[in-house]
>>> print(open('structure10.cif').read())   # mmCIF, C-alpha atoms
data_input
loop_
_atom_site.label_atom_id
_atom_site.label_comp_id
_atom_site.auth_asym_id
_atom_site.auth_seq_id
_atom_site.Cartn_x
_atom_site.Cartn_y
_atom_site.Cartn_z
CA MET U 1 0.00 0.00 0.00
CA ASP U 2 2.70 2.48 -0.95
CA ASP U 3 -0.02 4.81 -2.26
CA ALA U 4 -1.78 5.00 1.14
CA PHE U 5 -2.42 8.20 3.02
CA VAL U 6 -1.55 7.24 6.61
CA ILE U 7 -2.71 9.24 9.63
CA VAL U 8 -0.98 8.58 12.94
CA GLY U 9 -3.30 9.56 15.77
CA ALA U 10 -6.96 8.49 15.84
CA SER U 11 -7.90 11.78 17.47
CA LEU U 12 -10.30 14.55 16.51
CA ALA U 13 -7.59 15.89 14.20
CA GLY U 14 -6.95 12.46 12.70
CA ALA U 15 -10.62 11.73 12.15
CA LYS U 16 -11.30 15.14 10.60
CA ALA U 17 -8.32 14.67 8.28
CA ALA U 18 -9.72 11.35 7.05
CA GLU U 19 -13.09 13.03 6.56
CA ALA U 20 -11.52 15.90 4.63
CA LEU U 21 -9.55 13.56 2.36
CA ARG U 22 -12.73 11.79 1.32
CA ALA U 23 -14.63 15.08 0.98
CA GLU U 24 -11.91 16.35 -1.37
CA GLY U 25 -12.41 13.29 -3.56
CA HIS U 26 -9.39 11.22 -2.58
CA ALA U 27 -10.25 7.65 -3.56
CA GLY U 28 -7.04 5.89 -2.52
CA PRO U 29 -6.36 4.01 0.71
CA VAL U 30 -6.66 5.95 3.97
CA VAL U 31 -5.32 4.36 7.14
CA LEU U 32 -6.07 5.92 10.53
CA ILE U 33 -4.02 4.50 13.42
CA GLY U 34 -4.68 5.07 17.12
CA GLU U 35 -3.27 3.72 20.38
CA GLU U 36 -6.59 3.86 22.21
CA GLY U 37 -9.27 1.24 21.94
CA GLU U 38 -11.98 3.88 21.41
CA ARG U 39 -12.74 5.29 18.00
CA PRO U 40 -11.87 9.00 17.61
CA TYR U 41 -13.61 11.29 20.08
CA GLU U 42 -13.59 14.93 21.13
CA ARG U 43 -11.82 15.93 24.32
CA PRO U 44 -13.65 19.07 25.54
CA PRO U 45 -16.62 17.06 26.90
CA LEU U 46 -14.21 15.08 29.11
CA SER U 47 -13.81 18.12 31.37
CA LYS U 48 -17.27 19.54 30.69
CA ASP U 49 -20.59 17.85 29.90
CA TYR U 50 -19.38 14.23 29.91
CA LEU U 51 -17.59 14.72 33.23
CA LEU U 52 -20.67 16.44 34.63
CA GLY U 53 -22.89 13.56 33.50
CA ARG U 54 -24.86 15.78 31.13
CA ALA U 55 -23.73 13.95 27.98
CA GLY U 56 -23.59 10.21 27.36
CA ARG U 57 -20.62 8.39 25.92
CA GLU U 58 -22.03 8.30 22.39
CA LYS U 59 -22.05 12.11 22.30
CA ILE U 60 -18.26 12.40 22.46
CA PHE U 61 -17.40 10.54 19.25
CA VAL U 62 -16.41 12.36 16.08
CA HIS U 63 -18.23 9.95 13.77
CA PRO U 64 -20.74 7.13 14.16
CA ALA U 65 -19.18 3.68 14.47
CA ASP U 66 -20.01 2.68 10.89
CA TRP U 67 -18.72 5.91 9.30
CA TYR U 68 -15.20 4.54 8.84
CA ARG U 69 -16.40 1.43 7.04
CA GLU U 70 -18.82 3.43 4.89
CA HIS U 71 -16.05 5.81 3.85
CA ASP U 72 -13.47 3.07 3.35
CA VAL U 73 -11.18 4.33 6.11
CA ASP U 74 -8.99 1.59 7.56
CA LEU U 75 -9.33 2.43 11.26
CA ARG U 76 -6.77 0.57 13.35
CA LEU U 77 -7.37 0.99 17.07
CA SER U 78 -5.25 -0.29 19.97
CA THR U 79 -2.31 -0.02 17.57
CA THR U 80 1.01 1.64 18.38
CA VAL U 81 3.26 3.21 15.78
CA THR U 82 6.82 2.62 16.90
CA ALA U 83 8.74 4.43 14.18
CA VAL U 84 8.38 6.62 11.10
CA ASP U 85 10.87 6.47 8.22
CA PRO U 86 10.22 9.43 5.91
CA ALA U 87 12.98 8.44 3.45
CA ALA U 88 11.56 4.95 2.97
CA ARG U 89 7.99 6.26 3.37
CA THR U 90 7.06 3.64 5.94
CA VAL U 91 5.65 3.49 9.43
CA ALA U 92 6.46 0.60 11.75
CA LEU U 93 3.82 -0.86 14.04
CA ALA U 94 4.26 -2.72 17.30
CA GLY U 95 4.43 -6.37 16.36
CA GLY U 96 6.64 -5.78 13.35
CA GLU U 97 4.24 -4.78 10.57
CA ARG U 98 5.33 -1.97 8.26
CA LEU U 99 3.00 0.22 6.22
CA GLY U 100 4.09 2.20 3.20
CA PHE U 101 2.69 5.65 2.60
CA ALA U 102 2.50 8.24 -0.13
CA ARG U 103 1.66 10.97 2.38
CA LEU U 104 1.73 10.88 6.18
CA LEU U 105 -0.09 13.05 8.71
CA LEU U 106 1.08 13.21 12.31
CA ALA U 107 -1.87 13.95 14.60
CA THR U 108 -0.27 12.49 17.71
CA GLY U 109 -1.54 15.19 20.04
CA SER U 110 -0.10 15.73 23.49
CA SER U 111 0.20 14.15 26.92
CA PRO U 112 -0.35 15.54 30.43
CA ARG U 113 2.76 16.60 32.29
CA ARG U 114 3.34 14.43 35.33
CA ILE U 115 4.03 15.89 38.74
CA PRO U 116 7.58 14.94 39.84
CA VAL U 117 7.04 14.54 43.58
CA PRO U 118 6.97 11.54 45.91
CA GLY U 119 3.56 9.90 45.62
CA GLY U 120 2.88 11.49 42.24
CA ASP U 121 2.15 8.10 40.69
CA ALA U 122 -0.26 6.91 43.38
CA GLU U 123 -3.58 5.35 42.46
CA HIS U 124 -5.63 8.32 43.70
CA VAL U 125 -3.61 10.84 41.65
CA LEU U 126 -5.67 11.51 38.54
CA TYR U 127 -4.93 13.16 35.20
CA LEU U 128 -7.38 14.11 32.48
CA ARG U 129 -6.64 13.38 28.84
CA ARG U 130 -8.52 10.25 27.80
CA VAL U 131 -12.11 9.15 28.24
CA GLU U 132 -11.16 6.60 30.88
CA ASP U 133 -9.54 9.44 32.84
CA SER U 134 -12.84 11.31 32.81
CA ASP U 135 -14.61 8.16 33.99
CA ARG U 136 -12.20 7.92 36.93
CA LEU U 137 -12.73 11.56 37.85
CA ARG U 138 -16.50 11.16 37.72
CA ALA U 139 -16.26 8.16 40.05
CA ALA U 140 -14.04 10.15 42.44
CA PHE U 141 -16.32 13.20 42.45
CA ARG U 142 -18.86 12.07 45.03
CA PRO U 143 -20.64 14.23 47.63
CA GLY U 144 -18.35 15.16 50.50
CA ALA U 145 -15.18 13.90 48.83
CA ARG U 146 -12.11 16.02 49.47
CA VAL U 147 -10.71 16.82 46.04
CA VAL U 148 -7.40 18.62 45.69
CA ILE U 149 -6.54 20.00 42.27
CA VAL U 150 -2.93 20.83 41.46
CA GLY U 151 -2.77 23.54 38.81
CA ALA U 152 -5.21 26.36 38.11
CA GLY U 153 -5.17 26.18 34.33
CA TRP U 154 -8.17 25.42 32.13
CA ILE U 155 -8.30 21.71 32.96
CA GLY U 156 -7.82 22.34 36.68
CA LEU U 157 -10.54 24.98 36.85
CA GLU U 158 -13.02 22.98 34.78
CA ALA U 159 -12.37 19.96 37.00
CA ALA U 160 -12.90 22.16 40.06
CA ALA U 161 -16.25 23.33 38.71
CA ALA U 162 -17.31 19.73 38.00
CA ALA U 163 -16.23 18.61 41.47
CA ARG U 164 -18.20 21.42 43.12
CA ALA U 165 -21.23 20.50 41.02
CA ALA U 166 -20.90 17.03 42.55
CA ASP U 167 -20.84 18.64 46.03
CA CYS U 168 -17.18 17.85 46.72
CA GLU U 169 -14.93 19.89 48.98
CA VAL U 170 -12.45 21.41 46.52
CA THR U 171 -9.02 22.92 47.07
CA VAL U 172 -6.99 24.28 44.15
CA LEU U 173 -3.22 24.61 44.54
CA GLU U 174 -1.36 26.95 42.18
CA ALA U 175 2.24 28.12 42.13
CA ALA U 176 1.37 31.47 40.51
CA GLU U 177 -0.41 34.39 42.15
CA LEU U 178 -3.67 33.86 40.25
CA PRO U 179 -5.32 31.22 38.06
CA LEU U 180 -4.52 31.42 34.35
CA LEU U 181 -2.13 34.29 35.05
CA ARG U 182 0.24 33.45 32.22
CA VAL U 183 -2.60 33.00 29.73
CA LEU U 184 -4.90 35.91 30.61
CA GLY U 185 -2.81 38.37 32.59
CA ARG U 186 -3.66 39.77 36.00
CA GLU U 187 -6.66 41.83 34.89
CA VAL U 188 -8.75 38.91 33.66
CA ALA U 189 -7.24 36.15 35.79
CA GLN U 190 -8.82 37.83 38.81
CA VAL U 191 -12.27 37.18 37.30
CA PHE U 192 -11.71 33.43 37.47
CA ALA U 193 -10.32 33.60 41.00
CA ASP U 194 -13.45 35.47 42.12
CA LEU U 195 -15.69 33.02 40.26
CA HIS U 196 -14.31 29.95 42.00
CA ARG U 197 -14.22 31.54 45.42
CA ALA U 198 -17.86 32.52 44.97
CA HIS U 199 -18.62 28.84 44.41
CA GLY U 200 -16.86 27.65 47.54
CA VAL U 201 -13.48 26.61 46.15
CA ASP U 202 -10.50 27.01 48.47
CA LEU U 203 -7.90 28.68 46.22
CA ARG U 204 -4.31 28.67 47.45
CA PHE U 205 -1.77 30.59 45.40
CA GLY U 206 2.00 30.78 45.57
CA VAL U 207 2.27 27.24 46.90
CA GLN U 208 4.43 24.28 45.95
CA VAL U 209 3.53 20.60 46.24
CA ALA U 210 6.24 18.62 48.05
CA GLU U 211 4.59 15.20 48.37
CA ILE U 212 1.33 13.40 47.73
CA ARG U 213 0.29 11.10 50.54
CA PRO U 214 -2.58 8.60 50.66
CA ASP U 215 -4.83 11.05 52.51
CA ALA U 216 -3.25 14.47 51.94
CA VAL U 217 -1.11 16.71 49.76
CA LEU U 218 1.93 18.04 51.59
CA LEU U 219 3.00 21.56 50.64
CA GLY U 220 6.48 22.99 50.67
CA ASP U 221 5.82 24.88 53.90
CA GLY U 222 4.76 21.69 55.66
CA THR U 223 1.01 22.28 55.42
CA ALA U 224 -1.02 19.13 54.82
CA VAL U 225 -4.15 19.52 52.66
CA PRO U 226 -6.56 16.59 53.22
CA ALA U 227 -7.36 14.73 49.99
CA ASP U 228 -9.41 11.72 48.97
CA ALA U 229 -8.53 12.36 45.32
CA VAL U 230 -5.87 14.50 43.66
CA VAL U 231 -6.32 15.87 40.16
CA VAL U 232 -3.17 17.11 38.44
CA GLY U 233 -3.50 19.69 35.68
CA VAL U 234 -0.06 21.23 35.20
CA GLY U 235 -0.06 21.45 31.41
CA ILE U 236 0.55 19.19 28.46
CA SER U 237 3.52 18.40 26.24
CA PRO U 238 3.28 17.70 22.50
CA ASP U 239 3.90 14.08 21.55
CA THR U 240 6.87 14.62 19.26
CA GLY U 241 8.78 11.39 19.90
CA LEU U 242 8.04 9.80 16.53
CA ALA U 243 8.83 13.01 14.65
CA GLU U 244 12.06 13.62 16.51
CA ALA U 245 13.28 10.05 15.97
CA ALA U 246 12.41 10.40 12.28
CA GLY U 247 14.65 13.45 11.95
CA LEU U 248 11.84 15.95 11.40
CA ALA U 249 12.26 19.52 12.64
CA VAL U 250 10.94 19.70 16.19
CA ASP U 251 10.69 22.83 18.34
CA ASN U 252 7.86 23.05 20.87
CA GLY U 253 6.00 20.64 18.64
CA VAL U 254 6.52 19.45 15.09
CA ARG U 255 7.49 22.47 12.99
CA THR U 256 5.39 23.01 9.88
CA ASP U 257 4.89 25.72 7.30
CA GLU U 258 1.56 27.46 6.72
CA HIS U 259 0.45 24.48 4.61
CA LEU U 260 1.04 22.18 7.64
CA ARG U 261 3.91 20.47 5.81
CA THR U 262 6.82 19.40 8.02
CA SER U 263 10.51 19.51 7.12
CA HIS U 264 9.88 16.44 4.92
CA PRO U 265 7.69 17.19 1.88
CA ASP U 266 5.53 14.07 2.27
CA VAL U 267 4.90 14.40 6.01
CA PHE U 268 2.38 16.78 7.55
CA ALA U 269 1.21 17.58 11.10
CA ALA U 270 -1.98 18.96 12.64
CA GLY U 271 -3.55 19.56 16.04
CA ASP U 272 -1.81 19.90 19.40
CA VAL U 273 1.47 18.54 18.06
CA ALA U 274 1.87 21.07 15.23
CA ASN U 275 3.92 24.22 15.75
CA ALA U 276 2.73 25.80 12.52
CA PHE U 277 3.85 28.99 10.82
CA HIS U 278 0.94 31.43 11.00
CA PRO U 279 0.79 34.08 8.26
CA LEU U 280 -1.16 36.53 10.43
CA TYR U 281 1.48 36.50 13.17
CA GLY U 282 4.51 35.98 10.97
CA ARG U 283 5.92 33.12 13.00
CA PRO U 284 5.13 29.57 14.19
CA ILE U 285 2.56 29.16 16.94
CA ARG U 286 1.25 26.03 18.63
CA VAL U 287 -2.29 26.14 19.94
CA GLU U 288 -3.47 23.41 22.30
CA HIS U 289 -7.18 23.85 21.79
CA TRP U 290 -10.10 22.06 20.19
CA ALA U 291 -10.58 24.53 17.34
CA ASN U 292 -7.13 23.79 15.93
CA ALA U 293 -7.77 20.05 16.02
CA LEU U 294 -11.11 20.68 14.32
CA ASN U 295 -9.98 23.07 11.58
CA GLN U 296 -6.35 22.35 10.76
CA PRO U 297 -7.00 18.87 9.29
CA ALA U 298 -8.94 20.22 6.31
CA VAL U 299 -5.92 22.33 5.34
CA ALA U 300 -3.55 19.42 5.95
CA ALA U 301 -5.72 17.15 3.79
CA ARG U 302 -5.76 19.63 0.90
CA SER U 303 -2.01 20.09 1.18
CA MET U 304 -1.49 16.31 1.19
CA LEU U 305 -3.46 16.18 -2.06
CA GLY U 306 -1.27 18.84 -3.65
CA LEU U 307 -3.92 21.54 -3.47
CA ASP U 308 -3.18 25.11 -2.37
CA ALA U 309 -4.25 25.54 1.24
CA VAL U 310 -3.05 27.80 4.05
CA TYR U 311 -3.95 27.64 7.72
CA ASP U 312 -4.47 31.21 8.89
CA ARG U 313 -7.48 31.00 11.19
CA VAL U 314 -7.43 33.21 14.26
CA PRO U 315 -7.03 30.99 17.36
CA TYR U 316 -10.19 30.28 19.35
CA PHE U 317 -11.08 28.41 22.51
CA PHE U 318 -13.90 28.27 25.02
CA THR U 319 -14.71 27.19 28.54
CA ASP U 320 -17.81 26.60 30.66
CA GLN U 321 -17.50 26.84 34.44
CA TYR U 322 -20.57 27.06 36.72
CA ASP U 323 -22.73 29.81 35.20
CA LEU U 324 -19.85 31.33 33.24
CA GLY U 325 -19.48 30.69 29.55
CA MET U 326 -16.51 32.17 27.74
CA GLU U 327 -15.06 32.35 24.25
CA TYR U 328 -11.54 33.63 23.55
CA THR U 329 -10.53 34.74 20.07
CA GLY U 330 -7.06 35.87 19.02
CA TYR U 331 -3.54 35.49 20.32
CA ALA U 332 -1.98 37.62 23.06
CA GLU U 333 1.32 36.31 24.35
CA PRO U 334 2.23 36.55 28.04
CA GLY U 335 3.59 40.04 28.48
CA GLY U 336 3.03 40.74 24.79
CA TYR U 337 0.19 43.24 25.17
CA ASP U 338 0.01 46.82 26.41
CA ARG U 339 -3.33 46.92 28.25
CA VAL U 340 -6.73 45.32 28.65
CA VAL U 341 -9.92 47.21 27.83
CA PHE U 342 -13.25 46.03 29.25
CA ARG U 343 -16.74 46.48 27.80
CA GLY U 344 -19.68 45.59 30.02
CA ASP U 345 -20.16 44.45 33.61
CA VAL U 346 -16.99 42.77 34.87
CA ALA U 347 -18.24 42.31 38.44
CA GLY U 348 -21.45 40.74 37.10
CA ARG U 349 -19.39 38.50 34.80
CA GLU U 350 -21.09 39.73 31.64
CA PHE U 351 -18.47 41.52 29.59
CA ILE U 352 -15.92 41.49 26.79
CA ALA U 353 -12.20 41.97 27.45
CA PHE U 354 -9.83 43.13 24.72
CA TRP U 355 -6.06 42.76 24.80
CA LEU U 356 -4.46 45.69 22.98
CA ALA U 357 -1.00 46.29 21.58
CA ALA U 358 0.76 49.58 22.33
CA ASP U 359 -0.43 51.02 19.00
CA GLY U 360 -4.08 50.16 19.71
CA ARG U 361 -4.36 47.00 17.64
CA VAL U 362 -6.68 44.33 19.06
CA LEU U 363 -4.64 41.19 19.72
CA ALA U 364 -7.41 39.14 21.33
CA GLY U 365 -10.89 39.39 22.74
CA MET U 366 -12.73 37.32 25.32
CA ASN U 367 -16.51 37.40 25.63
CA VAL U 368 -17.91 36.24 28.99
CA ASN U 369 -21.65 35.48 29.04
CA VAL U 370 -22.00 37.74 26.00
CA TRP U 371 -22.83 35.93 22.79
CA ASP U 372 -22.74 36.26 19.00
CA VAL U 373 -19.69 38.53 19.02
CA VAL U 374 -16.93 36.14 17.92
CA ASP U 375 -17.11 37.22 14.26
CA PRO U 376 -16.52 40.95 14.89
CA ILE U 377 -13.83 40.15 17.48
CA ARG U 378 -12.12 37.92 14.92
CA ALA U 379 -12.37 40.69 12.33
CA LEU U 380 -10.80 43.17 14.76
CA CYS U 381 -7.93 40.76 15.39
CA ARG U 382 -7.36 40.14 11.70
CA SER U 383 -7.56 43.78 10.62
CA GLY U 384 -4.31 44.90 12.26
CA ARG U 385 -5.81 48.40 12.54
CA PRO U 386 -5.61 50.51 15.71
CA VAL U 387 -8.95 50.95 17.46
CA ASP U 388 -9.95 53.78 19.73
CA ALA U 389 -10.00 52.32 23.25
CA GLY U 390 -12.87 54.55 24.38
CA ARG U 391 -15.11 53.35 21.58
CA LEU U 392 -14.01 49.78 22.16
CA ALA U 393 -15.15 50.05 25.79
CA ASP U 394 -18.46 51.73 24.93
CA PRO U 395 -21.34 49.20 24.68
CA ALA U 396 -23.28 51.75 22.61
CA VAL U 397 -20.77 51.38 19.76
CA PRO U 398 -21.49 48.20 17.78
CA LEU U 399 -18.48 45.95 17.47
CA THR U 400 -19.38 45.42 13.83
CA ASP U 401 -18.83 49.13 13.23
CA LEU U 402 -15.38 48.94 14.81
CA ALA U 403 -14.56 45.82 12.85
CA ASP U 404 -15.57 47.58 9.64
CA GLY U 405 -13.10 50.36 10.39
CA VAL U 406 -15.51 53.05 11.58
CA SER U 407 -13.50 55.52 13.70
#
>>> encode(input="structure10.cif", output="structure tokens")
Amino acid sequence: MDDAFVIVGASLAGAKAAEALRAEGHAGPVVLIGEEGERPYERPPLSKDYLLGRAGREKIFVHPADWYREHDVDLRLSTTVTAVDPAARTVALAGGERLGFARLLLATGSSPRRIPVPGGDAEHVLYLRRVEDSDRLRAAFRPGARVVIVGAGWIGLEAAAAARAADCEVTVLEAAELPLLRVLGREVAQVFADLHRAHGVDLRFGVQVAEIRPDAVLLGDGTAVPADAVVVGVGISPDTGLAEAAGLAVDNGVRTDEHLRTSHPDVFAAGDVANAFHPLYGRPIRVEHWANALNQPAVAARSMLGLDAVYDRVPYFFTDQYDLGMEYTGYAEPGGYDRVVFRGDVAGREFIAFWLAADGRVLAGMNVNVWDVVDPIRALCRSGRPVDAGRLADPAVPLTDLADGVS
């Protein structure tokens, strides 16, 4: 099968790439390989509706079970790729089988960072990446359970909200001064600190975990925080092992151009693992969110077929915590913005925040419990034009007017 299009990673990105190849009319063999026993599924529900028990298992899957057979996609689950040889155009599978490929897509995703402390590998220390992880968390989140969450990032905070919804006692431990400080900056991070405190979460900042014991988490200052379950959410790392061993360019992910082509012309990458050159920002960026895994594969598929395709979508992600729904559009690096401008009621958690460059350009916008504004926020981010901060903050000025360049 030297003419096969092989996709390593039966993830959302992998499944959407297979879908896009067929939609573009590719009639040759498509092989989709995944380590897990489950067919491709989406990950956001694992820390949201599925974890909360609001969505059943069937709701998480990308395609119905028979879709792969109907579209002649060779889906190989519980299968590990052990090596990629771009020069020979082969992938090696555990057990010794080798598959030839005409084009290869790496959609290997990422893995949770482990906590390097004594007790960090104990049975009651939980991570959240796969569906079975979400099942374990749901079993641990029972009324009265003492849940300690290490890390106040998106996964940690969503897990905290789910645990409180299950009437657990929740403590969040974070080394920084505020949750999401590096991502959102002090101005907006405070909103999430206030939100969780209002819902009874014990937030502890500026702390270090020294040890995880069977019934407690020991902090660096000797404080013991009682725990029946410990959830660790201290970030993820791109799964670049196959790419690195294959000699592909790797730097905070697998490096690709704007067409999602790696340093080898027949190998492509998409999703969490891809550190892709972004034309809007003029440099590579790696985005660890659902929208990239959803949208990059269509570009990768077109590029694999020799069609002209460029990935230049403005980054997007969302979260739901308690009664707060949020969408973030754009890209503002830590320390890479000049100020934050608010529109709406911040204390009432119904507002839009804009991250501005020194020259007034909108780098990113986040709408909290305000809806149907993503398109004008995206247009503001793409325009590269300075915007008057006073008008940006004024709810009487339609965002569509600002996005259309009205001064």
>>> atom_distance(input="structure10.cif", atom1="atom CA of U:Val374", atom2="atom CA of U:Asp272")
22.2 Å
>>> residues_around(input="structure10.cif", residues="U:Val6", least_positions_apart="6", cutoff="6 Å", atoms="only C-alpha atoms", output="PyMOL selection string")
chain U and resi 30-31+104
>>> resolve_selection(input="structure10.cif", expression="the PyMOL selection byres ((chain U and resi 191-205) around 9)", output="MDAnalysis selection string")
chainID U and resid 152 157 160:161 164 169:180 187:190 206:208 321:322 324 346:347 349
>>> write_last_selection(input="structure10.cif", atoms="C-alpha atoms", output="PDB file, in the coordinates of the input")
ATOM      1  CA  ALA U 152      -5.210  26.360  38.110  1.00  0.00           C
ATOM      2  CA  LEU U 157     -10.540  24.980  36.850  1.00  0.00           C
ATOM      3  CA  ALA U 160     -12.900  22.160  40.060  1.00  0.00           C
ATOM      4  CA  ALA U 161     -16.250  23.330  38.710  1.00  0.00           C
ATOM      5  CA  ARG U 164     -18.200  21.420  43.120  1.00  0.00           C
ATOM      6  CA  GLU U 169     -14.930  19.890  48.980  1.00  0.00           C
ATOM      7  CA  VAL U 170     -12.450  21.410  46.520  1.00  0.00           C
ATOM      8  CA  THR U 171      -9.020  22.920  47.070  1.00  0.00           C
ATOM      9  CA  VAL U 172      -6.990  24.280  44.150  1.00  0.00           C
ATOM     10  CA  LEU U 173      -3.220  24.610  44.540  1.00  0.00           C
ATOM     11  CA  GLU U 174      -1.360  26.950  42.180  1.00  0.00           C
ATOM     12  CA  ALA U 175       2.240  28.120  42.130  1.00  0.00           C
ATOM     13  CA  ALA U 176       1.370  31.470  40.510  1.00  0.00           C
ATOM     14  CA  GLU U 177      -0.410  34.390  42.150  1.00  0.00           C
ATOM     15  CA  LEU U 178      -3.670  33.860  40.250  1.00  0.00           C
ATOM     16  CA  PRO U 179      -5.320  31.220  38.060  1.00  0.00           C
ATOM     17  CA  LEU U 180      -4.520  31.420  34.350  1.00  0.00           C
ATOM     18  CA  GLU U 187      -6.660  41.830  34.890  1.00  0.00           C
ATOM     19  CA  VAL U 188      -8.750  38.910  33.660  1.00  0.00           C
ATOM     20  CA  ALA U 189      -7.240  36.150  35.790  1.00  0.00           C
ATOM     21  CA  GLN U 190      -8.820  37.830  38.810  1.00  0.00           C
ATOM     22  CA  GLY U 206       2.000  30.780  45.570  1.00  0.00           C
ATOM     23  CA  VAL U 207       2.270  27.240  46.900  1.00  0.00           C
ATOM     24  CA  GLN U 208       4.430  24.280  45.950  1.00  0.00           C
ATOM     25  CA  GLN U 321     -17.500  26.840  34.440  1.00  0.00           C
ATOM     26  CA  TYR U 322     -20.570  27.060  36.720  1.00  0.00           C
ATOM     27  CA  LEU U 324     -19.850  31.330  33.240  1.00  0.00           C
ATOM     28  CA  VAL U 346     -16.990  42.770  34.870  1.00  0.00           C
ATOM     29  CA  ALA U 347     -18.240  42.310  38.440  1.00  0.00           C
ATOM     30  CA  ARG U 349     -19.390  38.500  34.800  1.00  0.00           C
TER      31      ARG U 349
END
>>> closest_residue(input="structure10.cif", among="U:Val230, U:Ala17, U:Ala27, U:Ala403", to="U:Phe268", atoms="all atoms listed in the file")
U:Ala17
>>> resolve_selection(input="structure10.cif", expression="the PyMOL selection byres ((chain U and resi 108) around 7)", output="MDAnalysis selection string")
chainID U and resid 8:9 106:107 109:110 239 273
>>> resolve_selection(input="structure10.cif", expression="the PyMOL selection byres ((chain U and resi 371) around 12)", output="PDB file with C-alpha atoms, keeping the file's coordinate frame")
ATOM      1  CA  PHE U 318     -13.900  28.270  25.020  1.00  0.00           C
ATOM      2  CA  LEU U 324     -19.850  31.330  33.240  1.00  0.00           C
ATOM      3  CA  GLY U 325     -19.480  30.690  29.550  1.00  0.00           C
ATOM      4  CA  MET U 326     -16.510  32.170  27.740  1.00  0.00           C
ATOM      5  CA  GLU U 327     -15.060  32.350  24.250  1.00  0.00           C
ATOM      6  CA  TYR U 328     -11.540  33.630  23.550  1.00  0.00           C
ATOM      7  CA  GLU U 350     -21.090  39.730  31.640  1.00  0.00           C
ATOM      8  CA  PHE U 351     -18.470  41.520  29.590  1.00  0.00           C
ATOM      9  CA  ILE U 352     -15.920  41.490  26.790  1.00  0.00           C
ATOM     10  CA  MET U 366     -12.730  37.320  25.320  1.00  0.00           C
ATOM     11  CA  ASN U 367     -16.510  37.400  25.630  1.00  0.00           C
ATOM     12  CA  VAL U 368     -17.910  36.240  28.990  1.00  0.00           C
ATOM     13  CA  ASN U 369     -21.650  35.480  29.040  1.00  0.00           C
ATOM     14  CA  VAL U 370     -22.000  37.740  26.000  1.00  0.00           C
ATOM     15  CA  ASP U 372     -22.740  36.260  19.000  1.00  0.00           C
ATOM     16  CA  VAL U 373     -19.690  38.530  19.020  1.00  0.00           C
ATOM     17  CA  VAL U 374     -16.930  36.140  17.920  1.00  0.00           C
ATOM     18  CA  ASP U 375     -17.110  37.220  14.260  1.00  0.00           C
ATOM     19  CA  PRO U 376     -16.520  40.950  14.890  1.00  0.00           C
ATOM     20  CA  ILE U 377     -13.830  40.150  17.480  1.00  0.00           C
TER      21      ILE U 377
END
>>> closest_residue(input="structure10.cif", among="U:Val231, U:Val73, U:Ala20, U:Asp388", to="U:Ile115", atoms="all atoms listed in the file")
U:Val231
>>> closest_residue(input="structure10.cif", among="U:Pro226, U:Leu105, U:Val232, U:Leu219", to="U:Val125", atoms="all atoms listed in the file")
U:Val232
>>> closest_residue(input="structure10.cif", among="U:Leu363, U:Leu126, U:Leu181, U:Leu399", to="U:Pro386", atoms="all atoms listed in the file")
U:Leu363
>>> closest_residue(input="structure10.cif", among="U:Gly348, U:Pro112, U:Pro29, U:Pro279", to="U:Pro238", atoms="all atoms listed in the file")
U:Pro112
>>> atom_distance(input="structure10.cif", atom1="atom CA of U:Arg43", atom2="atom CA of U:Pro297")
16.1 Å
>>> atom_distance(input="structure10.cif", atom1="atom CA of U:Met304", atom2="atom CA of U:Asp266")
7.4 Å
>>> residues_near_point(input="structure10.cif", point="(6.6, 18.1, 17.4)", cutoff="8 Å", atoms="all atoms listed in the file", output="short mmCIF file (atom, residue, chain, number, x, y, z; two decimals) with C-alpha atoms, in the frame of the given file")
data_model
loop_
_atom_site.label_atom_id
_atom_site.label_comp_id
_atom_site.auth_asym_id
_atom_site.auth_seq_id
_atom_site.Cartn_x
_atom_site.Cartn_y
_atom_site.Cartn_z
CA PRO U 238 3.28 17.70 22.50
CA ASP U 239 3.90 14.08 21.55
CA THR U 240 6.87 14.62 19.26
CA GLY U 241 8.78 11.39 19.90
CA ALA U 243 8.83 13.01 14.65
CA GLU U 244 12.06 13.62 16.51
CA ALA U 249 12.26 19.52 12.64
CA VAL U 250 10.94 19.70 16.19
CA ASP U 251 10.69 22.83 18.34
CA ASN U 252 7.86 23.05 20.87
CA GLY U 253 6.00 20.64 18.64
CA VAL U 254 6.52 19.45 15.09
CA ARG U 255 7.49 22.47 12.99
CA VAL U 273 1.47 18.54 18.06
CA ALA U 274 1.87 21.07 15.23
CA ASN U 275 3.92 24.22 15.75
#
>>> decode(input="structure10.cif", residues="stretch 320-324 of chain U", atoms="N, CA and C atoms", output="PDB file, in the first residue's frame")
ATOM      1  N   ASP U 320     -16.565  26.461  29.902  1.00  0.00           N
ATOM      2  CA  ASP U 320     -17.807  26.595  30.661  1.00  0.00           C
ATOM      3  C   ASP U 320     -17.503  26.196  32.094  1.00  0.00           C
ATOM      4  N   GLN U 321     -17.733  27.107  33.029  1.00  0.00           N
ATOM      5  CA  GLN U 321     -17.504  26.842  34.445  1.00  0.00           C
ATOM      6  C   GLN U 321     -18.644  27.458  35.240  1.00  0.00           C
ATOM      7  N   TYR U 322     -19.401  26.601  35.957  1.00  0.00           N
ATOM      8  CA  TYR U 322     -20.565  27.057  36.717  1.00  0.00           C
ATOM      9  C   TYR U 322     -21.526  27.758  35.751  1.00  0.00           C
ATOM     10  N   ASP U 323     -21.839  29.034  36.050  1.00  0.00           N
ATOM     11  CA  ASP U 323     -22.733  29.810  35.197  1.00  0.00           C
ATOM     12  C   ASP U 323     -21.965  30.742  34.265  1.00  0.00           C
ATOM     13  N   LEU U 324     -20.672  30.499  34.115  1.00  0.00           N
ATOM     14  CA  LEU U 324     -19.851  31.334  33.243  1.00  0.00           C
ATOM     15  C   LEU U 324     -19.519  30.578  31.966  1.00  0.00           C
TER      16      LEU U 324
END
